[in-house]
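Peer 1: Structure file coords27.csv (CSV, C-alpha atoms and all ligand atoms) right here:
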```csv
chain,number,residue,atom,x,y,z
A,1,MET,CA,-13.7,194.0,74.1
A,2,ASN,CA,-10.0,194.5,75.0
A,3,ALA,CA,-7.8,191.6,74.1
A,4,LEU,CA,-4.1,190.8,74.7
A,5,ILE,CA,-2.2,188.2,72.7
A,6,THR,CA,1.2,186.8,73.6
A,7,GLY,CA,2.9,185.1,70.7
A,8,ALA,CA,1.1,187.4,68.2
A,9,SER,CA,4.2,187.6,65.9
A,10,GLY,CA,4.0,183.9,65.3
A,11,PHE,CA,2.1,181.6,63.0
A,12,ILE,CA,-1.0,181.1,65.2
A,13,GLY,CA,-0.9,184.4,67.1
A,14,SER,CA,-0.9,186.5,63.9
A,15,HIS,CA,-4.0,184.7,62.5
A,16,LEU,CA,-5.7,185.2,65.9
A,17,ALA,CA,-4.9,188.9,65.8
A,18,GLU,CA,-6.5,189.2,62.4
A,19,LYS,CA,-9.6,187.3,63.4
A,20,LEU,CA,-10.1,189.2,66.7
A,21,LEU,CA,-9.9,192.5,64.9
A,22,LYS,CA,-12.5,191.4,62.3
A,23,SER,CA,-14.7,190.3,65.2
A,24,GLY,CA,-14.6,193.7,66.8
A,25,TYR,CA,-12.0,193.3,69.6
A,26,ALA,CA,-9.4,196.0,70.4
A,27,VAL,CA,-6.2,194.0,70.1
A,28,SER,CA,-2.9,194.5,71.9
A,29,CYS,CA,0.1,192.3,71.1
A,30,LEU,CA,2.9,191.5,73.5
A,31,VAL,CA,6.0,191.3,71.4
A,32,ARG,CA,9.7,191.1,72.1
A,33,LYS,CA,12.3,193.7,71.0
A,34,THR,CA,13.6,191.0,68.6
A,35,SER,CA,10.2,189.8,67.3
A,36,ASN,CA,9.7,189.9,63.5
A,37,LEU,CA,6.5,191.9,63.1
A,38,ARG,CA,5.9,191.2,59.4
A,39,TRP,CA,2.6,189.4,59.9
A,40,LEU,CA,1.3,192.3,62.1
A,41,GLU,CA,2.2,195.1,59.7
A,42,GLY,CA,-0.8,197.0,58.6
A,43,LEU,CA,-3.0,195.6,61.4
A,44,ASN,CA,-4.7,198.0,63.7
A,45,VAL,CA,-3.1,196.5,66.8
A,46,LYS,CA,-1.3,198.1,69.8
A,47,LEU,CA,2.2,196.7,70.3
A,48,ILE,CA,3.4,196.2,73.9
A,49,GLN,CA,7.0,195.3,74.5
A,50,GLY,CA,7.6,192.4,76.8
A,51,ASP,CA,9.3,189.1,77.2
A,52,CYS,CA,7.2,186.4,78.9
A,53,SER,CA,10.2,184.8,80.4
A,54,ASP,CA,11.0,188.0,82.4
A,55,ARG,CA,8.4,188.6,85.0
A,56,ASP,CA,9.6,192.2,85.7
A,57,CYS,CA,8.6,193.4,82.2
A,58,LEU,CA,5.0,192.1,82.4
A,59,ASN,CA,3.6,194.7,84.7
A,60,ASN,CA,2.0,196.5,81.8
A,61,ILE,CA,-0.5,193.6,81.5
A,62,ARG,CA,-3.5,195.3,83.0
A,63,ASP,CA,-7.1,196.2,82.1
A,64,PHE,CA,-7.5,193.4,79.5
A,65,GLU,CA,-10.7,191.5,79.4
A,66,TYR,CA,-9.4,188.6,77.3
A,67,ILE,CA,-5.9,187.3,77.4
A,68,PHE,CA,-4.7,184.8,74.9
A,69,HIS,CA,-1.4,183.2,76.0
A,70,LEU,CA,0.0,181.7,72.9
A,71,SER,CA,3.7,182.5,73.1
A,72,GLY,CA,6.0,179.6,73.5
A,73,ALA,CA,8.9,177.6,72.0
A,74,ILE,CA,7.9,174.7,69.7
A,75,LYS,CA,11.5,173.9,68.9
A,76,ALA,CA,14.7,174.6,70.9
A,77,ASN,CA,18.4,173.6,70.8
A,78,CYS,CA,18.5,172.8,74.5
A,79,SER,CA,15.8,171.5,76.7
A,80,GLU,CA,16.0,174.3,79.3
A,81,LEU,CA,14.7,176.7,76.6
A,82,PHE,CA,11.4,174.8,76.5
A,83,TYR,CA,11.0,175.1,80.2
A,84,THR,CA,11.8,178.8,80.1
A,85,ALA,CA,9.6,179.7,77.2
A,86,ASN,CA,6.7,177.4,78.0
A,87,THR,CA,6.6,176.8,81.7
A,88,LYS,CA,8.4,179.7,83.4
A,89,ALA,CA,6.8,182.2,80.9
A,90,THR,CA,3.3,180.8,81.7
A,91,GLU,CA,4.0,181.1,85.5
A,92,ASN,CA,5.1,184.7,84.9
A,93,ILE,CA,2.0,185.6,82.8
A,94,MET,CA,-0.4,184.1,85.3
A,95,ASP,CA,1.3,185.9,88.2
A,96,ALA,CA,1.2,189.2,86.3
A,97,ILE,CA,-2.5,188.7,85.5
A,98,GLU,CA,-3.4,188.0,89.1
A,99,GLN,CA,-1.4,191.0,90.3
A,100,ASN,CA,-2.5,193.5,87.7
A,101,ALA,CA,-5.6,192.3,85.8
A,102,PRO,CA,-7.7,190.4,88.3
A,103,CYS,CA,-10.9,191.4,86.6
A,104,VAL,CA,-10.0,189.6,83.4
A,105,LYS,CA,-13.0,187.8,81.8
A,106,ARG,CA,-11.0,184.9,80.2
A,107,ILE,CA,-7.5,183.6,79.9
A,108,ILE,CA,-6.8,181.1,77.2
A,109,TYR,CA,-3.7,179.1,77.3
A,110,LEU,CA,-2.7,177.4,74.1
A,111,SER,CA,-1.2,174.1,75.2
A,112,SER,CA,-0.7,171.1,72.8
A,113,LEU,CA,-1.6,167.5,72.2
A,114,SER,CA,2.1,166.9,73.0
A,115,ALA,CA,1.4,167.9,76.6
A,116,PHE,CA,-1.1,165.1,76.8
A,117,GLY,CA,1.0,162.5,75.0
A,118,PRO,CA,0.4,159.8,72.3
A,119,ASN,CA,-2.4,157.3,72.3
A,120,HIS,CA,-1.3,153.8,73.0
A,121,ASP,CA,-4.1,151.8,71.5
A,122,SER,CA,-7.0,152.5,69.2
A,123,ALA,CA,-9.4,153.8,71.9
A,124,LEU,CA,-9.2,157.6,72.0
A,125,LEU,CA,-8.4,159.0,75.4
A,126,HIS,CA,-10.4,161.9,76.9
A,127,GLU,CA,-9.1,165.2,78.3
A,128,ASP,CA,-9.4,164.0,81.9
A,129,ALA,CA,-7.1,161.0,81.3
A,130,LYS,CA,-3.7,161.2,82.9
A,131,PRO,CA,-1.3,163.1,80.6
A,132,HIS,CA,1.9,161.3,79.7
A,133,PRO,CA,4.1,163.6,77.6
A,134,VAL,CA,7.1,161.9,75.9
A,135,SER,CA,9.2,165.0,75.0
A,136,ASP,CA,10.6,168.0,76.8
A,137,TYR,CA,8.4,170.1,74.6
A,138,GLY,CA,5.3,168.2,75.8
A,139,ASN,CA,6.4,168.1,79.4
A,140,SER,CA,7.1,171.9,79.4
A,141,LYS,CA,3.7,172.6,77.9
A,142,LEU,CA,2.1,170.3,80.5
A,143,MET,CA,3.9,172.2,83.3
A,144,GLY,CA,2.5,175.3,81.7
A,145,GLU,CA,-1.0,173.8,82.0
A,146,ASP,CA,-0.3,173.1,85.7
A,147,ALA,CA,0.8,176.8,86.1
A,148,VAL,CA,-2.5,177.9,84.7
A,149,LEU,CA,-4.7,175.4,86.6
A,150,LYS,CA,-3.2,176.6,89.9
A,151,TYR,CA,-5.3,179.7,89.4
A,152,LYS,CA,-8.5,177.8,88.3
A,153,ASP,CA,-10.4,178.8,91.5
A,154,ARG,CA,-9.5,182.5,91.3
A,155,LEU,CA,-9.3,183.3,87.6
A,156,PRO,CA,-11.4,182.2,84.5
A,157,VAL,CA,-8.9,180.0,82.7
A,158,SER,CA,-9.4,177.7,79.7
A,159,ILE,CA,-6.8,175.4,78.1
A,160,LEU,CA,-6.8,174.2,74.5
A,161,ARG,CA,-4.6,171.3,73.3
A,162,PRO,CA,-4.5,171.5,69.6
A,163,ALA,CA,-3.2,168.6,67.4
A,164,VAL,CA,-0.7,169.5,64.6
A,165,VAL,CA,-1.7,172.9,63.2
A,166,TYR,CA,-1.1,173.7,59.6
A,167,GLY,CA,-1.9,176.5,57.1
A,168,PRO,CA,-0.5,179.7,55.6
A,169,ARG,CA,2.6,181.0,57.5
A,170,ASP,CA,3.4,177.7,59.2
A,171,ARG,CA,7.1,176.8,58.9
A,172,GLU,CA,7.0,173.4,60.6
A,173,MET,CA,4.7,171.4,58.3
A,174,MET,CA,6.4,173.2,55.5
A,175,LEU,CA,9.4,170.9,55.9
A,176,PHE,CA,7.3,168.0,54.7
A,177,PHE,CA,5.9,170.1,51.8
A,178,LYS,CA,9.5,170.9,50.9
A,179,PHE,CA,10.7,167.2,50.9
A,180,ILE,CA,7.6,166.1,49.0
A,181,ASN,CA,8.0,169.0,46.5
A,182,ALA,CA,11.6,167.7,45.9
A,183,GLY,CA,10.0,164.3,45.1
A,184,VAL,CA,11.7,162.3,47.8
A,185,LEU,CA,10.6,161.6,51.4
A,186,PRO,CA,12.1,159.4,54.1
A,187,TYR,CA,9.3,157.1,55.4
A,188,TRP,CA,9.5,155.1,58.6
A,189,GLY,CA,6.2,153.3,58.7
A,190,GLU,CA,2.5,154.1,59.3
A,191,SER,CA,1.3,156.4,61.9
A,192,ARG,CA,-2.1,158.0,62.8
A,193,ILE,CA,-2.3,161.8,63.2
A,194,SER,CA,-4.8,164.4,64.1
A,195,LEU,CA,-4.5,167.8,62.4
A,196,VAL,CA,-6.3,171.1,62.5
A,197,TYR,CA,-6.3,173.8,59.9
A,198,ILE,CA,-5.4,177.2,61.2
A,199,GLU,CA,-8.8,178.8,60.6
A,200,ASP,CA,-10.6,176.1,62.6
A,201,LEU,CA,-8.2,176.4,65.5
A,202,ILE,CA,-8.7,180.2,65.6
A,203,ASN,CA,-12.5,179.6,65.7
A,204,ALA,CA,-12.0,177.2,68.6
A,205,ILE,CA,-9.8,179.7,70.5
A,206,ILE,CA,-12.5,182.4,70.1
A,207,LEU,CA,-15.3,180.0,71.2
A,208,ALA,CA,-13.3,179.1,74.3
A,209,ALA,CA,-12.9,182.8,75.1
A,210,GLU,CA,-16.6,183.6,74.6
A,211,ARG,CA,-18.4,180.5,76.0
A,212,LYS,CA,-18.9,180.4,79.7
A,213,GLU,CA,-18.9,176.6,79.5
A,214,ALA,CA,-15.1,176.8,78.8
A,215,ILE,CA,-14.2,178.2,82.2
A,216,GLY,CA,-11.9,175.8,84.1
A,217,GLU,CA,-11.9,173.3,81.2
A,218,ILE,CA,-9.3,171.6,78.9
A,219,PHE,CA,-10.2,170.8,75.3
A,220,PHE,CA,-8.5,168.8,72.6
A,221,ILE,CA,-8.8,170.5,69.2
A,222,SER,CA,-8.5,168.9,65.8
A,223,ASP,CA,-10.6,168.8,62.6
A,224,GLY,CA,-12.2,165.7,64.1
A,225,MET,CA,-10.6,163.2,61.6
A,226,ILE,CA,-7.8,160.8,62.1
A,227,TYR,CA,-5.4,160.6,59.2
A,228,THR,CA,-2.7,158.1,58.4
A,229,ASN,CA,0.6,159.7,57.5
A,230,LYS,CA,0.2,158.0,54.1
A,231,GLU,CA,-3.0,159.9,53.5
A,232,ILE,CA,-1.4,163.2,54.5
A,233,ILE,CA,1.7,162.6,52.3
A,234,ASN,CA,-0.5,161.6,49.3
A,235,GLU,CA,-2.6,164.7,49.8
A,236,ILE,CA,0.4,167.0,49.8
A,237,ALA,CA,1.9,165.2,46.8
A,238,SER,CA,-1.4,165.7,44.9
A,239,ALA,CA,-1.7,169.4,45.9
A,240,LEU,CA,1.9,169.9,44.7
A,241,GLN,CA,1.4,167.7,41.6
A,242,VAL,CA,4.5,165.7,42.2
A,243,ARG,CA,5.3,162.0,41.8
A,244,LEU,CA,6.9,161.0,45.1
A,245,ILE,CA,9.5,158.4,45.9
A,246,LYS,CA,9.4,157.2,49.5
A,247,ILE,CA,12.7,156.1,50.9
A,248,ARG,CA,12.0,153.5,53.5
A,249,MET,CA,14.0,153.8,56.7
A,250,PRO,CA,13.8,151.8,59.9
A,251,LYS,CA,12.3,153.7,62.8
A,252,SER,CA,15.4,152.7,64.8
A,253,ALA,CA,17.3,155.1,62.6
A,254,LEU,CA,15.3,158.1,63.9
A,255,PRO,CA,17.4,158.8,67.0
A,256,ALA,CA,20.5,159.1,64.7
A,257,VAL,CA,18.6,161.6,62.5
A,258,GLY,CA,17.6,163.6,65.6
A,259,PHE,CA,21.2,163.6,66.7
A,260,LEU,CA,22.3,165.0,63.3
A,261,GLY,CA,19.5,167.6,63.6
A,262,ASP,CA,20.9,168.7,67.0
A,263,CYS,CA,24.5,168.8,65.6
A,264,LEU,CA,23.3,170.9,62.7
A,265,SER,CA,21.5,173.2,65.0
A,266,LYS,CA,24.6,173.7,67.1
A,267,ILE,CA,26.8,174.4,64.1
A,268,THR,CA,24.3,176.8,62.5
A,269,ASN,CA,23.0,178.2,65.8
A,270,LYS,CA,19.5,177.8,64.4
A,271,THR,CA,16.8,175.5,65.7
A,272,THR,CA,15.7,172.6,63.5
A,273,MET,CA,12.3,170.9,63.7
A,274,ILE,CA,13.9,167.4,63.5
A,275,ASN,CA,15.9,167.0,66.7
A,276,ARG,CA,16.3,164.5,69.5
A,277,ASP,CA,13.4,165.9,71.4
A,278,LYS,CA,11.1,165.7,68.3
A,279,VAL,CA,12.3,162.2,67.6
A,280,LYS,CA,11.0,161.1,71.1
A,281,GLU,CA,7.5,162.1,69.7
A,282,LEU,CA,8.1,160.6,66.3
A,283,MET,CA,8.9,157.2,67.8
A,284,HIS,CA,5.2,157.0,68.8
A,285,SER,CA,2.7,156.4,66.0
A,286,ASN,CA,-0.7,157.5,67.5
A,287,TRP,CA,-0.9,161.3,67.8
A,288,VAL,CA,-4.7,161.5,67.8
A,289,CYS,CA,-7.4,163.0,69.9
A,290,ASP,CA,-11.2,163.0,70.4
A,291,ILE,CA,-12.9,166.4,70.1
A,292,SER,CA,-16.3,165.4,71.4
A,293,LYS,CA,-15.9,167.7,74.4
A,294,ALA,CA,-15.1,170.8,72.3
A,295,LYS,CA,-18.0,170.0,70.0
A,296,ASN,CA,-20.5,169.5,72.9
A,297,LYS,CA,-19.4,172.2,75.3
A,298,LEU,CA,-18.1,174.9,72.9
A,299,GLY,CA,-20.2,174.2,69.8
A,300,PHE,CA,-17.0,173.8,67.9
A,301,ILE,CA,-17.6,172.6,64.3
A,302,PRO,CA,-14.4,172.1,62.3
A,303,LYS,CA,-15.0,173.2,58.7
A,304,VAL,CA,-11.7,172.4,56.8
A,305,GLY,CA,-10.6,168.9,56.0
A,306,ILE,CA,-7.2,168.0,54.6
A,307,LYS,CA,-8.2,168.1,51.0
A,308,GLU,CA,-8.9,171.9,51.0
A,309,GLY,CA,-6.6,172.7,53.9
A,310,ILE,CA,-3.5,171.2,52.2
A,311,LYS,CA,-4.4,172.6,48.8
A,312,TRP,CA,-4.8,176.2,50.3
A,313,THR,CA,-1.6,175.8,52.3
A,314,ALA,CA,0.4,174.5,49.2
A,315,ASP,CA,-1.0,177.4,47.1
A,316,TRP,CA,0.0,179.9,49.8
A,317,TYR,CA,3.6,178.4,50.0
A,318,ARG,CA,3.9,178.6,46.2
A,319,ILE,CA,2.6,182.2,46.0
A,320,HIS,CA,4.9,183.3,48.7
A,321,LYS,CA,7.8,181.4,47.2
A,322,TRP,CA,8.4,179.3,50.3
A,323,LEU,CA,8.7,176.1,48.2
B,401,LIG,N1,2.2,175.0,65.5
B,401,LIG,C1,1.6,173.9,66.0
B,401,LIG,O1,1.4,172.9,65.3
B,401,LIG,C2,1.1,173.9,67.4
B,401,LIG,C3,0.4,172.8,67.9
B,401,LIG,C4,-0.1,172.8,69.2
B,401,LIG,C5,0.2,173.9,70.0
B,401,LIG,N2,1.0,174.9,69.6
B,401,LIG,C6,1.2,176.0,70.5
B,401,LIG,O2,0.8,177.2,69.9
B,401,LIG,C7,1.6,178.3,70.3
B,401,LIG,C8,2.0,179.1,69.1
B,401,LIG,O3,2.7,178.3,68.2
B,401,LIG,P1,3.2,178.8,66.8
B,401,LIG,O4,3.1,177.6,65.9
B,401,LIG,O5,2.4,180.0,66.4
B,401,LIG,O6,4.7,179.1,67.0
B,401,LIG,P2,5.6,180.3,66.4
B,401,LIG,O7,5.2,180.7,65.1
B,401,LIG,O8,7.0,179.8,66.7
B,401,LIG,O9,5.3,181.5,67.4
B,401,LIG,C9,5.7,181.5,68.7
B,401,LIG,C10,5.4,182.9,69.3
B,401,LIG,O10,5.8,182.9,70.7
B,401,LIG,C11,6.6,184.1,70.9
B,401,LIG,N3,7.5,183.9,72.0
B,401,LIG,C12,8.4,182.9,72.2
B,401,LIG,N4,9.0,183.1,73.4
B,401,LIG,C13,8.6,184.2,73.9
B,401,LIG,C14,8.9,185.0,75.1
B,401,LIG,N5,9.8,184.6,76.0
B,401,LIG,N6,8.2,186.2,75.3
B,401,LIG,C15,7.3,186.6,74.4
B,401,LIG,N7,7.0,185.9,73.2
B,401,LIG,C16,7.6,184.8,73.0
B,401,LIG,C17,7.4,184.2,69.6
B,401,LIG,O11,7.9,185.6,69.5
B,401,LIG,P3,9.1,186.0,68.6
B,401,LIG,O12,8.6,186.4,67.3
B,401,LIG,O13,9.8,187.1,69.4
B,401,LIG,O14,10.0,184.8,68.5
B,401,LIG,C18,6.2,184.0,68.6
B,401,LIG,O15,5.4,185.1,68.5
B,401,LIG,C19,2.8,177.7,71.1
B,401,LIG,O16,2.5,177.9,72.5
B,401,LIG,C20,2.7,176.2,70.8
B,401,LIG,O17,3.2,175.4,71.8
B,401,LIG,C21,1.4,175.0,68.3
```
I need this file expressed as structure tokens, please.
Peer 2:
Amino acid sequence: MNALITGASGFIGSHLAEKLLKSGYAVSCLVRKTSNLRWLEGLNVKLIQGDCSDRDCLNNIRDFEYIFHLSGAIKANCSELFYTANTKATENIMDAIEQNAPCVKRIIYLSSLSAFGPNHDSALLHEDAKPHPVSDYGNSKLMGEDAVLKYKDRLPVSILRPAVVYGPRDREMMLFFKFINAGVLPYWGESRISLVYIEDLINAIILAAERKEAIGEIFFISDGMIYTNKEIINEIASALQVRLIKIRMPKSALPAVGFLGDCLSKITNKTTMINRDKVKELMHSNWVCDISKAKNKLGFIPKVGIKEGIKWTADWYRIHKWL
């Protein structure tokens, strides 16, 4: 079983590479010249150089049975970058597959709950409801979905929309761990959130690749629970054994925080997770999904709830001195 992963140097991609190897796949990883390969070191993977945003360098995508398209930008200091890394890159990958690897058995596109958008009331929406992304990130991922679905009648595609993913190697949720570890956290009111621990997401990705029921379908992926931000914060504080002071701030202050994030990003030339685009998402308080379809069609059974997941993540951050 020959597999190609794009985005293999990242948080989710590197965990997927490890699990595919353990499951007996021969794994190739599409990486950029500039990719940091530390999570792939020591793994028996073949590295293929390529940049998904440049169609001309994707002609070496051939003879793969399984293609996992995970590469993408989850933060950016200008909106065009989202569209290049998430939309254009997906158009390029799909075109390269159709041209050079038409016998592929499955193409998995890792989209996001952000592509679908927030829930507006307590009833959970299903995958076939109309997407309504609120950020450029979400919109660029939805346009990536459209680029994949264009090939639905010719190629065996599946799309997963994970909720917030957390676990070892993740740098985005780490920001909250860091604030909480320092004992102080800005808090702007209650929200409801779906989460998925990395190991469960990887199992869902592999199920989507191996189950024929996944062809042509879109699935929400989470651990099946709905958490309030208070529960998540308390769980992190408990795993880190800190007493936390929450500093109440009005939600209306968030755009100013996003603006400061963008300014900081321009000054330092580094992307920050809190920026104006992210704030467009944070202004909504229902980032939740229903995973009945993944359970019924894929046989997906999430195994890790936040108690263990957050404890293992906190332990990993501590051991690796990320906190
Ligand atoms: N993390 C989450 O909570 C979450 C939730 C839902 C969906 N997702 C989706 O999951 C995917 C992976 O996310 P992640 O959290 O693992 O992010 P990550 O750690 O930032 O990894 C992103 C990966 O994409 C690669 N990449 C970016 N632009 C590329 C390009 N033009 N050509 C080739 N490779 C490129 C990066 O390579 P370099 O090493 O070269 O930068 C890196 O390997 C993304 O598509 C994201 O939208 C993530």
Peer 1: When you look at Phe219 of chain A with a cut-off of 12 Å (counting only C-alpha atoms), what residues show up, excluding the ones that are within fewer than 3 positions of it in the same chain? I need them as an MDAnalysis selection string.
Peer 2: chainID A and resid 108:113 116 125:129 145 157:163 201 204:205 207:208 213:216 222 289:300
Peer 1: Using all atoms listed in the file, which residues of the polymer chains come no farther than 6 Å from ligand LIG 401 (chain B)? I'd like the answer as a list in words.
Peer 2: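 Written in the requested form, the residues are Thr6, Gly7, Ala8, Ser9, Gly10, Phe11, Ile12, Gly13, Val31, Arg32, Thr34, Ser35, Asn36, Asp51, Cys52, Ser53, Leu70, Ser71, Gly72, Ala73, Ile74, Ala85, Leu110, Ser111, Ser112, Pro162, Ala163, Val164 and Val165 of chain A.
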Peer 1: Can you pull out every residue within 8 Å of segment 256-264 of chain A, counting all atoms listed in the file, but drop anything in the same chain fewer than 6 positions away, and send it as a VMD selection string?
Peer 2: chain A and resid 77 272 to 279
Peer 1: If you measure from atom CA of Asp54 of chain A to atom CA of Ala89 of chain A, what distance in Å do you get, rounded to one decimal?
Peer 2: 7.3 Å
Peer 1: Under the rule that all atoms listed in the file are counted, which of A:Asp223, A:Glu308, A:Glu41, A:Asp146 is the nearest residue to Cys29 of chain A?
Peer 2: A:Glu41
Peer 1: To one decimal in Å, tell me the separation between atom CA of Trp188 of chain A and atom CA of Met249 of chain A.
Peer 2: 5.1 Å
